[in-house]
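Undergrad: Structure file entry.tsv (TSV, C-alpha atoms) is given on the next line.
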```
chain	number	residue	atom	x	y	z
Z	7	MET	CA	-123.53	141.75	59.44
Z	8	GLU	CA	-121.91	144.25	57.12
Z	9	LEU	CA	-122.20	147.97	57.43
Z	10	ASP	CA	-121.41	148.82	53.82
Z	11	ILE	CA	-124.06	149.13	51.17
Z	12	LYS	CA	-122.98	146.53	48.68
Z	13	ASN	CA	-123.38	146.92	44.94
Z	14	TYR	CA	-124.76	143.97	42.99
Z	15	ALA	CA	-124.74	145.38	39.48
Z	16	ILE	CA	-124.47	148.55	37.48
Z	17	LEU	CA	-127.21	149.57	35.12
Z	18	ARG	CA	-126.86	152.20	32.44
Z	19	LEU	CA	-130.03	154.05	31.51
Z	20	GLY	CA	-129.34	156.46	28.65
Z	21	GLY	CA	-125.88	157.36	29.88
Z	22	ILE	CA	-126.70	157.38	33.59
Z	23	GLU	CA	-125.11	154.72	35.71
Z	24	ILE	CA	-127.36	153.25	38.37
Z	25	TRP	CA	-125.82	151.07	41.03
Z	26	ILE	CA	-128.07	148.21	42.00
Z	27	THR	CA	-127.33	148.29	45.70
Z	28	ASP	CA	-128.37	146.46	48.83
Z	29	THR	CA	-130.82	149.27	49.42
Z	30	ILE	CA	-132.50	148.90	46.05
Z	31	VAL	CA	-132.78	145.15	46.37
Z	32	SER	CA	-134.16	145.42	49.91
Z	33	THR	CA	-136.54	148.13	48.72
Z	34	TRP	CA	-137.83	145.87	45.96
Z	35	ILE	CA	-138.29	143.00	48.40
Z	36	ILE	CA	-140.23	145.21	50.83
Z	37	MET	CA	-142.23	146.68	47.94
Z	38	GLY	CA	-142.96	143.14	46.80
Z	39	VAL	CA	-144.21	142.14	50.24
Z	40	LEU	CA	-146.43	145.19	50.48
Z	41	ILE	CA	-147.74	144.79	46.94
Z	42	VAL	CA	-148.53	141.10	47.45
Z	43	PHE	CA	-150.34	141.99	50.67
Z	44	ALA	CA	-152.24	144.78	48.83
Z	45	ILE	CA	-153.18	142.40	45.99
Z	46	PHE	CA	-154.38	139.84	48.53
Z	47	VAL	CA	-156.52	142.50	50.22
Z	48	ARG	CA	-157.81	143.66	46.84
Z	49	ILE	CA	-158.90	140.11	46.00
Z	50	LYS	CA	-160.44	139.56	49.43
Z	51	ILE	CA	-162.18	142.93	49.62
Z	52	HIS	CA	-165.10	141.70	47.50
Z	53	LYS	CA	-165.81	139.12	50.16
Z	54	PHE	CA	-165.69	141.59	53.04
Z	55	LYS	CA	-168.64	141.16	55.36
Z	56	GLU	CA	-170.79	143.66	57.22
Z	57	ILE	CA	-169.39	142.45	60.53
Z	58	PRO	CA	-165.63	142.03	60.08
Z	59	THR	CA	-163.82	138.93	61.31
Z	60	GLY	CA	-160.28	137.55	61.07
Z	61	PHE	CA	-158.18	138.96	58.26
Z	62	GLN	CA	-160.79	141.57	57.32
Z	63	ASN	CA	-160.74	142.79	60.90
Z	64	VAL	CA	-156.96	143.21	60.82
Z	65	VAL	CA	-156.99	145.11	57.52
Z	66	GLU	CA	-159.86	147.38	58.56
Z	67	ALA	CA	-158.27	148.03	61.94
Z	68	LEU	CA	-154.97	148.96	60.23
Z	69	VAL	CA	-156.56	151.42	57.84
Z	70	GLU	CA	-158.94	152.82	60.42
Z	71	MET	CA	-156.20	153.31	63.01
Z	72	PHE	CA	-154.04	155.01	60.40
Z	73	ASP	CA	-156.95	157.24	59.37
Z	74	ASN	CA	-157.50	158.29	62.98
Z	75	TYR	CA	-153.78	158.91	63.37
Z	76	LEU	CA	-153.78	160.94	60.14
Z	77	VAL	CA	-156.80	163.04	60.99
Z	78	SER	CA	-155.40	163.83	64.43
Z	79	ASN	CA	-152.22	165.16	62.79
Z	80	VAL	CA	-153.36	166.85	59.58
Z	81	GLY	CA	-157.07	167.36	60.18
Z	82	PRO	CA	-159.94	166.39	57.87
Z	83	LYS	CA	-158.91	168.98	55.27
Z	84	LEU	CA	-155.80	167.07	54.18
Z	85	MET	CA	-157.16	163.55	54.42
Z	86	TYR	CA	-156.60	163.09	50.69
Z	87	LEU	CA	-152.86	162.86	51.46
Z	88	GLY	CA	-153.60	159.63	53.33
Z	89	PRO	CA	-152.24	157.25	50.66
Z	90	TRP	CA	-148.84	158.96	50.66
Z	91	PHE	CA	-148.44	159.00	54.43
Z	92	PHE	CA	-149.79	155.45	54.66
Z	93	THR	CA	-147.11	154.33	52.20
Z	94	VAL	CA	-144.41	156.23	54.06
Z	95	PHE	CA	-145.43	154.68	57.37
Z	96	ALA	CA	-145.82	151.14	56.02
Z	97	PHE	CA	-142.61	151.28	53.99
Z	98	VAL	CA	-140.44	152.86	56.69
Z	99	LEU	CA	-141.83	150.49	59.32
Z	100	LEU	CA	-141.19	147.40	57.23
Z	101	SER	CA	-137.78	148.74	56.21
Z	102	ASN	CA	-136.78	149.25	59.82
Z	103	LEU	CA	-138.15	145.84	60.83
Z	104	SER	CA	-136.32	144.17	57.93
Z	105	GLY	CA	-133.17	144.40	60.04
Z	106	ILE	CA	-134.24	141.28	61.88
Z	107	ILE	CA	-134.15	139.24	58.67
Z	108	PRO	CA	-130.65	137.88	58.11
Z	109	GLY	CA	-129.03	139.10	54.91
Z	110	LEU	CA	-131.44	141.99	54.45
Z	111	ARG	CA	-130.03	145.46	55.00
Z	112	PRO	CA	-132.69	147.99	56.07
Z	113	PRO	CA	-133.21	150.45	53.18
Z	114	THR	CA	-133.65	153.22	55.73
Z	115	ALA	CA	-130.03	152.70	56.78
Z	116	ASP	CA	-129.15	154.39	53.48
Z	117	TRP	CA	-129.37	158.17	53.42
Z	118	ALA	CA	-130.42	158.14	49.77
Z	119	MET	CA	-133.61	156.35	50.71
Z	120	THR	CA	-134.53	158.54	53.69
Z	121	LEU	CA	-133.57	161.66	51.74
Z	122	GLY	CA	-135.76	160.53	48.86
Z	123	ILE	CA	-138.82	160.13	51.08
Z	124	ALA	CA	-138.04	163.39	52.91
Z	125	LEU	CA	-137.70	165.23	49.58
Z	126	VAL	CA	-141.15	164.04	48.48
Z	127	THR	CA	-142.53	165.30	51.80
Z	128	PHE	CA	-140.62	168.57	51.28
Z	129	THR	CA	-142.20	168.93	47.84
Z	130	LEU	CA	-145.60	168.26	49.39
Z	131	ILE	CA	-144.94	170.96	51.99
Z	132	GLN	CA	-144.20	173.49	49.22
Z	133	ILE	CA	-147.23	172.45	47.15
Z	134	MET	CA	-149.55	172.64	50.15
Z	135	GLY	CA	-148.08	175.99	51.17
Z	136	PHE	CA	-148.75	177.50	47.74
Z	137	ARG	CA	-152.10	175.79	47.39
Z	138	TYR	CA	-153.60	176.91	50.69
Z	139	ARG	CA	-151.70	180.10	51.52
Z	140	LYS	CA	-150.66	181.32	48.08
Z	141	LEU	CA	-148.70	184.60	48.32
Z	142	ALA	CA	-148.87	184.56	52.09
Z	143	TYR	CA	-146.66	181.47	51.97
Z	144	LEU	CA	-144.01	183.31	49.95
Z	145	LYS	CA	-144.34	186.26	52.29
Z	146	SER	CA	-143.64	183.96	55.26
Z	147	PHE	CA	-140.06	183.61	54.00
Z	148	VAL	CA	-139.36	187.31	54.57
Z	149	GLU	CA	-140.95	187.49	57.98
Z	150	PRO	CA	-140.54	189.20	60.31
Z	151	ILE	CA	-138.27	191.32	58.06
Z	152	PHE	CA	-136.65	190.80	54.67
Z	153	LEU	CA	-133.25	190.22	56.25
Z	154	PHE	CA	-134.53	186.90	57.60
Z	155	LEU	CA	-134.94	185.47	54.08
Z	156	PRO	CA	-131.65	183.49	54.11
Z	157	ILE	CA	-132.34	182.14	57.60
Z	158	ASN	CA	-135.88	181.17	56.65
Z	159	LEU	CA	-134.64	179.50	53.46
Z	160	ILE	CA	-132.01	177.56	55.38
Z	161	GLY	CA	-134.67	176.60	57.93
Z	162	GLU	CA	-136.89	175.36	55.13
Z	163	ILE	CA	-134.14	173.38	53.43
Z	164	ALA	CA	-133.08	171.98	56.80
Z	165	ARG	CA	-136.43	170.26	57.19
Z	166	PRO	CA	-135.90	167.38	54.74
Z	167	ILE	CA	-132.25	167.13	55.70
Z	168	SER	CA	-132.97	166.84	59.43
Z	169	LEU	CA	-135.94	164.55	58.78
Z	170	SER	CA	-133.89	162.22	56.61
Z	171	PHE	CA	-130.78	162.26	58.80
Z	172	ARG	CA	-132.81	161.52	61.93
Z	173	LEU	CA	-134.20	158.31	60.48
Z	174	PHE	CA	-131.01	157.35	58.67
Z	175	GLY	CA	-128.88	158.02	61.77
Z	176	ASN	CA	-131.11	156.01	64.10
Z	177	ILE	CA	-131.36	152.99	61.87
Z	178	LEU	CA	-127.70	153.08	60.91
Z	179	ALA	CA	-126.80	153.39	64.60
Z	180	GLY	CA	-128.83	150.26	65.33
Z	181	LEU	CA	-127.12	148.51	62.45
Z	182	VAL	CA	-123.68	149.57	63.66
Z	183	MET	CA	-124.47	148.40	67.19
Z	184	MET	CA	-125.71	145.06	65.98
Z	185	SER	CA	-122.67	144.63	63.69
Z	186	LEU	CA	-120.35	145.33	66.61
Z	187	ILE	CA	-122.22	142.93	68.86
Z	188	TYR	CA	-122.19	140.18	66.25
Z	189	ALA	CA	-118.44	140.77	65.87
Z	190	MET	CA	-117.85	140.72	69.61
Z	191	VAL	CA	-119.90	137.84	70.99
Z	192	PRO	CA	-118.62	134.27	70.74
Z	193	ILE	CA	-120.27	132.16	68.09
Z	194	VAL	CA	-122.24	130.11	70.65
Z	195	PHE	CA	-124.14	133.24	71.79
Z	196	LYS	CA	-124.79	134.61	68.31
Z	197	PHE	CA	-128.22	132.97	68.15
Z	198	VAL	CA	-129.43	133.97	71.62
Z	199	PHE	CA	-127.99	137.21	72.94
Z	200	PRO	CA	-128.51	139.45	69.86
Z	201	ALA	CA	-132.19	138.55	69.73
Z	202	ALA	CA	-133.01	140.90	72.61
Z	203	LEU	CA	-131.00	143.68	70.97
Z	204	HIS	CA	-132.71	143.06	67.65
Z	205	ALA	CA	-136.02	143.41	69.48
Z	206	PHE	CA	-134.88	146.79	70.79
Z	207	PHE	CA	-133.03	148.24	67.80
Z	208	ASP	CA	-135.09	146.79	64.97
Z	209	ILE	CA	-138.56	146.37	66.43
Z	210	PHE	CA	-138.89	148.99	69.18
Z	211	ALA	CA	-136.60	151.69	67.77
Z	212	GLY	CA	-137.65	150.84	64.22
Z	213	ALA	CA	-141.38	151.22	64.97
Z	214	LEU	CA	-140.71	154.35	66.99
Z	215	GLN	CA	-138.65	155.94	64.21
Z	216	ALA	CA	-141.30	155.07	61.62
Z	217	PHE	CA	-143.89	156.73	63.82
Z	218	ILE	CA	-141.70	159.80	64.42
Z	219	PHE	CA	-140.78	160.18	60.76
Z	220	THR	CA	-144.42	159.95	59.62
Z	221	THR	CA	-145.71	162.20	62.40
Z	222	LEU	CA	-143.12	164.87	61.65
Z	223	SER	CA	-143.87	164.69	57.94
Z	224	MET	CA	-147.59	165.09	58.63
Z	225	THR	CA	-147.00	167.95	61.05
Z	226	PHE	CA	-144.78	169.85	58.62
Z	227	VAL	CA	-147.35	169.53	55.84
Z	228	ALA	CA	-150.29	170.39	58.11
Z	229	ASN	CA	-148.52	173.40	59.62
Z	230	THR	CA	-147.66	174.80	56.23
Z	231	ALA	CA	-150.99	174.09	54.61
Z	232	ALA	CA	-153.80	174.54	56.99
Z	233	LEU	CA	-153.04	176.08	60.31
Z	234	SER	CA	-152.27	179.53	58.98
Z	235	ASP	CA	-155.85	180.27	57.91
Z	236	GLU	CA	-157.55	178.65	60.91
E	10	MET	CA	-130.83	147.18	23.75
E	11	ASP	CA	-128.38	150.05	23.96
E	12	PHE	CA	-130.57	152.15	26.22
E	13	ILE	CA	-130.52	149.71	29.12
E	14	VAL	CA	-127.20	148.04	29.60
E	15	VAL	CA	-126.03	145.97	32.52
E	16	LEU	CA	-122.42	147.03	32.65
E	17	SER	CA	-121.25	144.56	35.16
E	18	ASN	CA	-122.34	142.17	37.80
E	19	ILE	CA	-118.96	140.73	38.50
E	20	ALA	CA	-117.89	141.55	42.05
E	21	GLU	CA	-114.38	142.59	41.12
E	22	GLU	CA	-115.56	145.13	38.59
E	23	LEU	CA	-118.20	146.70	40.86
E	24	PRO	CA	-117.48	149.79	42.91
E	25	PRO	CA	-116.72	149.04	46.56
E	26	GLY	CA	-119.53	149.18	49.07
E	27	ARG	CA	-119.96	152.25	51.25
E	28	VAL	CA	-122.11	153.57	54.07
E	29	PHE	CA	-122.45	157.13	52.90
E	30	GLY	CA	-121.25	159.13	49.95
E	31	MET	CA	-121.84	162.65	48.71
E	32	ASP	CA	-121.51	162.27	44.99
E	33	GLY	CA	-123.56	161.97	41.84
E	34	GLN	CA	-124.57	158.43	42.71
E	35	LEU	CA	-126.29	159.75	45.86
E	36	PHE	CA	-128.63	161.82	43.67
E	37	ILE	CA	-129.24	158.86	41.38
E	38	GLN	CA	-129.95	156.61	44.35
E	39	THR	CA	-132.21	159.29	45.81
E	40	ALA	CA	-134.07	159.59	42.53
E	41	ALA	CA	-134.43	155.80	42.40
E	42	ALA	CA	-135.75	155.82	45.97
E	43	ILE	CA	-138.24	158.56	45.10
E	44	PHE	CA	-139.38	156.61	42.05
E	45	ASN	CA	-139.75	153.40	44.03
E	46	VAL	CA	-141.64	155.01	46.89
E	47	LEU	CA	-143.95	156.99	44.59
E	48	LEU	CA	-144.66	153.83	42.59
E	49	LEU	CA	-145.36	151.93	45.80
E	50	SER	CA	-147.60	154.75	47.00
E	51	GLY	CA	-149.65	154.61	43.80
E	52	ILE	CA	-149.98	150.83	43.96
E	53	LEU	CA	-150.88	150.77	47.66
E	54	ALA	CA	-153.38	153.60	47.21
E	55	PHE	CA	-155.04	151.77	44.32
E	56	LEU	CA	-154.99	148.26	45.73
E	57	LEU	CA	-155.17	148.69	49.48
E	58	TYR	CA	-155.73	152.04	51.11
E	59	LYS	CA	-158.50	153.59	49.03
E	60	PRO	CA	-160.59	150.42	48.56
E	61	VAL	CA	-160.48	149.61	52.28
E	62	ARG	CA	-161.22	153.22	53.14
E	63	ASN	CA	-164.18	153.14	50.73
E	64	VAL	CA	-165.49	150.00	52.40
E	65	LEU	CA	-165.17	151.66	55.80
E	66	GLN	CA	-166.70	154.90	54.53
E	67	LYS	CA	-169.65	153.06	52.97
E	68	ARG	CA	-170.22	151.16	56.17
E	69	THR	CA	-169.95	154.35	58.20
E	70	ASN	CA	-172.43	156.06	55.89
E	71	ARG	CA	-174.76	153.08	56.08
E	72	ILE	CA	-174.59	152.98	59.88
E	73	GLU	CA	-175.06	156.74	60.07
E	74	GLY	CA	-178.04	156.41	57.74
E	75	GLN	CA	-179.47	153.64	59.89
E	76	LEU	CA	-178.89	155.69	63.03
E	77	LEU	CA	-180.53	158.68	61.39
E	78	GLN	CA	-183.43	156.52	60.26
E	79	ALA	CA	-183.75	155.06	63.75
E	80	GLU	CA	-183.72	158.56	65.18
E	81	GLU	CA	-186.41	159.67	62.73
E	82	GLU	CA	-188.49	156.61	63.55
E	83	MET	CA	-188.00	157.32	67.22
E	84	GLN	CA	-189.16	160.87	66.63
E	85	ARG	CA	-192.14	159.64	64.65
E	86	ALA	CA	-192.99	157.12	67.36
E	87	SER	CA	-192.73	159.83	69.97
E	88	GLU	CA	-195.05	162.06	67.94
E	89	LEU	CA	-197.48	159.17	67.50
E	90	ARG	CA	-197.36	158.49	71.21
E	91	GLN	CA	-198.09	162.14	71.96
E	92	GLU	CA	-200.90	162.05	69.43
E	93	TYR	CA	-202.38	158.92	71.01
E	94	GLU	CA	-202.00	160.36	74.48
E	95	LYS	CA	-203.81	163.49	73.29
E	96	LYS	CA	-206.49	161.32	71.72
E	97	LEU	CA	-206.83	159.39	74.96
E	98	GLU	CA	-207.14	162.67	76.82
E	99	ASP	CA	-209.74	163.80	74.28
E	100	ILE	CA	-211.56	160.49	74.65
E	101	GLU	CA	-211.58	160.95	78.42
E	102	SER	CA	-212.92	164.43	78.02
E	103	GLU	CA	-215.46	163.23	75.46
E	104	ARG	CA	-216.51	160.46	77.82
E	105	GLU	CA	-216.97	162.99	80.58
E	106	ASP	CA	-219.07	165.14	78.22
E	107	ILE	CA	-221.18	162.18	77.18
E	108	LEU	CA	-221.66	161.12	80.78
E	109	ALA	CA	-222.57	164.67	81.77
E	110	GLN	CA	-225.04	164.88	78.90
E	111	ALA	CA	-226.49	161.48	79.83
E	112	ARG	CA	-226.79	162.52	83.45
E	113	LYS	CA	-228.47	165.76	82.44
E	114	TYR	CA	-230.78	163.94	80.05
E	115	ALA	CA	-231.61	161.39	82.74
E	116	ALA	CA	-232.28	164.13	85.27
E	117	ASP	CA	-234.46	166.01	82.78
E	118	SER	CA	-236.29	162.85	81.83
E	119	SER	CA	-236.78	161.96	85.47
E	120	ARG	CA	-238.14	165.42	86.22
E	121	ARG	CA	-240.40	165.30	83.17
E	122	ILE	CA	-241.70	161.83	83.99
E	123	ILE	CA	-242.36	162.80	87.61
E	124	ALA	CA	-244.12	165.97	86.48
E	125	GLU	CA	-246.23	164.01	83.98
E	126	ALA	CA	-247.02	161.38	86.59
E	127	LYS	CA	-247.98	164.04	89.06
E	128	GLN	CA	-250.11	165.76	86.49
E	129	GLU	CA	-251.79	162.50	85.58
E	130	ALA	CA	-252.34	161.69	89.25
E	131	ASP	CA	-253.85	165.13	89.76
E	132	SER	CA	-256.03	164.58	86.73
E	133	LEU	CA	-257.13	161.17	88.01
E	134	ARG	CA	-257.86	162.60	91.44
E	135	ASP	CA	-259.85	165.44	89.92
E	136	ARG	CA	-261.81	163.03	87.79
E	137	ALA	CA	-262.43	160.77	90.81
E	138	ALA	CA	-263.58	163.75	92.89
E	139	GLN	CA	-265.89	164.80	90.10
E	140	THR	CA	-267.27	161.27	89.83
E	141	VAL	CA	-267.78	161.11	93.61
E	142	LYS	CA	-269.57	164.46	93.53
E	143	LEU	CA	-271.82	163.35	90.68
E	144	GLU	CA	-272.56	160.05	92.40
E	145	TRP	CA	-273.29	161.88	95.59
E	146	GLU	CA	-275.73	164.21	93.85
E	147	ARG	CA	-277.41	161.35	92.05
E	148	ALA	CA	-277.79	159.41	95.30
E	149	GLU	CA	-279.21	162.51	96.99
E	150	SER	CA	-281.67	162.95	94.16
E	151	ASP	CA	-282.64	159.26	94.27
E	152	MET	CA	-283.12	159.47	98.04
E	153	ARG	CA	-285.25	162.54	97.71
E	154	ALA	CA	-287.43	160.89	95.11
E	155	THR	CA	-287.80	157.81	97.27
E	156	ILE	CA	-288.77	159.92	100.30
E	157	VAL	CA	-291.34	161.73	98.18
E	158	ASP	CA	-292.78	158.44	96.96
E	159	VAL	CA	-292.92	156.99	100.45
E	160	SER	CA	-294.45	160.18	101.82
E	161	ALA	CA	-296.99	160.19	99.07
E	162	GLN	CA	-297.95	156.59	99.72
E	163	MET	CA	-298.22	157.21	103.47
E	164	ALA	CA	-300.24	160.28	102.93
E	165	GLU	CA	-302.43	158.47	100.52
E	166	LYS	CA	-303.11	155.74	103.02
E	167	PHE	CA	-303.67	158.20	105.83
E	168	VAL	CA	-305.92	160.31	103.76
E	169	THR	CA	-307.85	157.34	102.58
E	170	LEU	CA	-308.54	156.34	106.16
E	171	ALA	CA	-308.99	159.72	107.89
E	172	ILE	CA	-310.18	162.53	105.76
E	173	ASN	CA	-313.37	163.29	103.96
E	174	ARG	CA	-313.89	164.54	100.47
E	175	GLU	CA	-313.45	168.15	101.42
E	176	THR	CA	-310.27	167.62	103.40
E	177	HIS	CA	-309.07	165.36	100.69
E	178	ASP	CA	-309.35	168.03	98.10
E	179	ARG	CA	-307.71	170.60	100.32
E	180	LEU	CA	-304.78	168.36	101.10
E	181	PHE	CA	-304.43	167.43	97.50
E	182	ASP	CA	-304.17	171.02	96.55
E	183	GLU	CA	-301.63	171.76	99.30
E	184	THR	CA	-299.48	168.81	98.31
E	185	LEU	CA	-299.65	169.73	94.71
E	186	SER	CA	-298.58	173.26	95.47
E	187	ASP	CA	-295.67	171.92	97.63
E	188	LEU	CA	-294.53	169.67	94.84
E	189	GLU	CA	-294.62	172.54	92.40
E	190	GLY	CA	-292.55	174.60	94.84
E	191	MET	CA	-289.92	171.81	95.11
E	192	THR	CA	-289.72	171.37	91.38
E	193	TRP	CA	-289.04	175.03	90.95
E	194	ARG	CA	-286.27	174.94	93.55
E	195	ASP	CA	-284.50	172.07	91.75
```
Can you give me the file's structure in the form of structure tokens?
TA:
Amino acid sequence: MELDIKNYAILRLGGIEIWITDTIVSTWIIMGVLIVFAIFVRIKIHKFKEIPTGFQNVVEALVEMFDNYLVSNVGPKLMYLGPWFFTVFAFVLLSNLSGIIPGLRPPTADWAMTLGIALVTFTLIQIMGFRYRKLAYLKSFVEPIFLFLPINLIGEIARPISLSFRLFGNILAGLVMMSLIYAMVPIVFKFVFPAALHAFFDIFAGALQAFIFTTLSMTFVANTAALSDE
Amino acid sequence: MDFIVVLSNIAEELPPGRVFGMDGQLFIQTAAAIFNVLLLSGILAFLLYKPVRNVLQKRTNRIEGQLLQAEEEMQRASELRQEYEKKLEDIESEREDILAQARKYAADSSRRIIAEAKQEADSLRDRAAQTVKLEWERAESDMRATIVDVSAQMAEKFVTLAINRETHDRLFDETLSDLEGMTWRD
């Protein structure tokens, strides 16, 4: 396993160079998996029965469980943000789990990816703050006194940075550990011993980090948007 | 196309791999990540999340509607049951009224019939008494007439045998005057 994010090609779009990296390729693969699954559901949804069975049961349980999870974190007022948080959860989860597939580098082990998702959440936080609290949201930056403005601004900017670094750091740490272990163990154990560690770092820690990242994102948005006027 | 150009895909000409870098490429990679995730979000929302949520919502609404309908029907059934129970109570009360009326009517009828029977019996007794009295009087009258006839015949025989013309005339006169006296009394 390699730690570095490899570059496969360089693309120029109107003067901007875009490196086609491991992360982008992995992202496209994970997107492809999710989109194929979504298309399959979309085709099957017309045949959904009144009493769900089999595949329908799984899909409905997934969406229903996520809805319950969402409503417990953001409340019914912000349920329309469900698609975004659902995507974040599904994408981050699959990204973290992709570490168990040989040759696939988890996209969340790249800070650009986690920062990108965190920045969208940060933008959502600002939009929700202005939408639901209006001037009171701006006023919250100078509370309790005006002198706290820089601290409050730093605190606000720290949110996406801490959110993104937490996920990036955890997944990268798992990747580093696994790389070291693969480098250390003799070749005869490479197919047995790392499996348990993959289960811990990629499945357990990966699922946990996906849950933490999504929950924190939801909590930040909900706190900014709704709790002030309730 | 000049706008999109693949500069290189030859390993030697590509920049070396890295774990982390704070440069312009980080922003480009971040922008690419944002684009990818937003695109994925739109696709998943359109194809997966919203349609499934709609299915669930419709089912929830349908079940809620059915529950509401069942509750309304339950309420209606309860009202009907109360209504029927009230009707049954009314019927019971009506039955009691009818029975009471029937008993009263029967008692009245019984009293009336007994009174009529008694009256008729009294009437029959009165008529019988009257008849007995009349019969008695007629028998008395018949007896008296018979006694008179017998007396007259006996007297006639006795007179024929024992008295002379003068006595005969005297007795005839006396008898005649007695008979006149009796006729006057009756």
Undergrad: Step by step, gather every atom of region 84-100 of chain Z that the file lists, find the box along x, y and z that holds them, add 8 Å on each side, and finally give centre and edge lengths in Å to one decimal, as lines of an AutoDock Vina configuration file.
TA:
```
center_x = -148.8
center_y = 157.2
center_z = 55.0
size_x = 32.7
size_y = 35.7
size_z = 24.7
```
Undergrad: Excluding region 99-105 of chain Z and any residue of its chain fewer than 2 positions from it, enumerate the residues within 6 Å of it, using all atoms listed in the file, and give them as an mmCIF file with C-alpha atoms, keeping the file's coordinate frame.
TA:
```
data_model
loop_
_atom_site.group_PDB
_atom_site.id
_atom_site.type_symbol
_atom_site.label_atom_id
_atom_site.label_comp_id
_atom_site.auth_asym_id
_atom_site.auth_seq_id
_atom_site.Cartn_x
_atom_site.Cartn_y
_atom_site.Cartn_z
ATOM 1 C CA PHE Z 95 -145.430 154.680 57.370
ATOM 2 C CA ALA Z 96 -145.820 151.140 56.020
ATOM 3 C CA PHE Z 97 -142.610 151.280 53.990
ATOM 4 C CA ILE Z 107 -134.150 139.240 58.670
ATOM 5 C CA PRO Z 112 -132.690 147.990 56.070
ATOM 6 C CA PRO Z 113 -133.210 150.450 53.180
ATOM 7 C CA ASP Z 208 -135.090 146.790 64.970
ATOM 8 C CA ILE Z 209 -138.560 146.370 66.430
ATOM 9 C CA GLY Z 212 -137.650 150.840 64.220
ATOM 10 C CA ALA Z 213 -141.380 151.220 64.970
ATOM 11 C CA ALA Z 216 -141.300 155.070 61.620
#
```
Undergrad: Name the closest residue to Ala231 (chain Z) among the candidates Z:Lys196, Z:His204, Z:Arg139, Z:Lys53; distances are taken between atoms, counting all atoms listed in the file.
TA: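 Among Z:Lys196, Z:His204, Z:Arg139, Z:Lys53, it is Z:Arg139 that comes nearest to Ala231 (chain Z).
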Undergrad: Pick out the residues sitting within 12 Å of region 176-184 of chain E, and hand them over as a list in words; count only C-alpha atoms, and ignore anything fewer than 2 positions along from it in its own chain.
TA: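 The neighbour list is Val157, Ser160, Ala161, Ala164, Glu165, Lys166, Phe167, Val168, Thr169, Leu170, Ala171, Ile172, Asn173, Arg174, Ser186, Asp187, Leu188, Glu189, Gly190 and Met191 of chain E.
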Undergrad: To one decimal place, how far is CA of Ala179 (chain Z) from CA of Ala211 (chain Z) in Å?
TA: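 Interatomic distance here is 10.4 Å.
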Undergrad: Would you mind listing, for every residue of region 96-132 of chain Z within 10 Å of region 159-162 of chain Z, the two atoms forming the shortest contact and the distance between them in Å to one decimal, using all atoms listed in the file, sorted by chain and ascending residue number, as a Markdown table?
TA:
```
| residue | atom | partner | partner_atom | distance |
| --- | --- | --- | --- | --- |
| Z:Phe128 | CA | Z:Glu162 | CA | 8.7 |
| Z:Ile131 | CA | Z:Glu162 | CA | 9.7 |
| Z:Gln132 | CA | Z:Glu162 | CA | 9.6 |
```
Undergrad: May I ask for the distance between CA of Ser78 (chain Z) and CA of Arg71 (chain E), given in Å to one decimal place?
TA: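 For CA of Ser78 (chain Z) relative to CA of Arg71 (chain E), the distance reads 23.7 Å.
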Undergrad: Between CA of Ala154 (chain E) and CA of Leu185 (chain E), measure the distance and give it in Å to one decimal.
TA: 15.1 Å
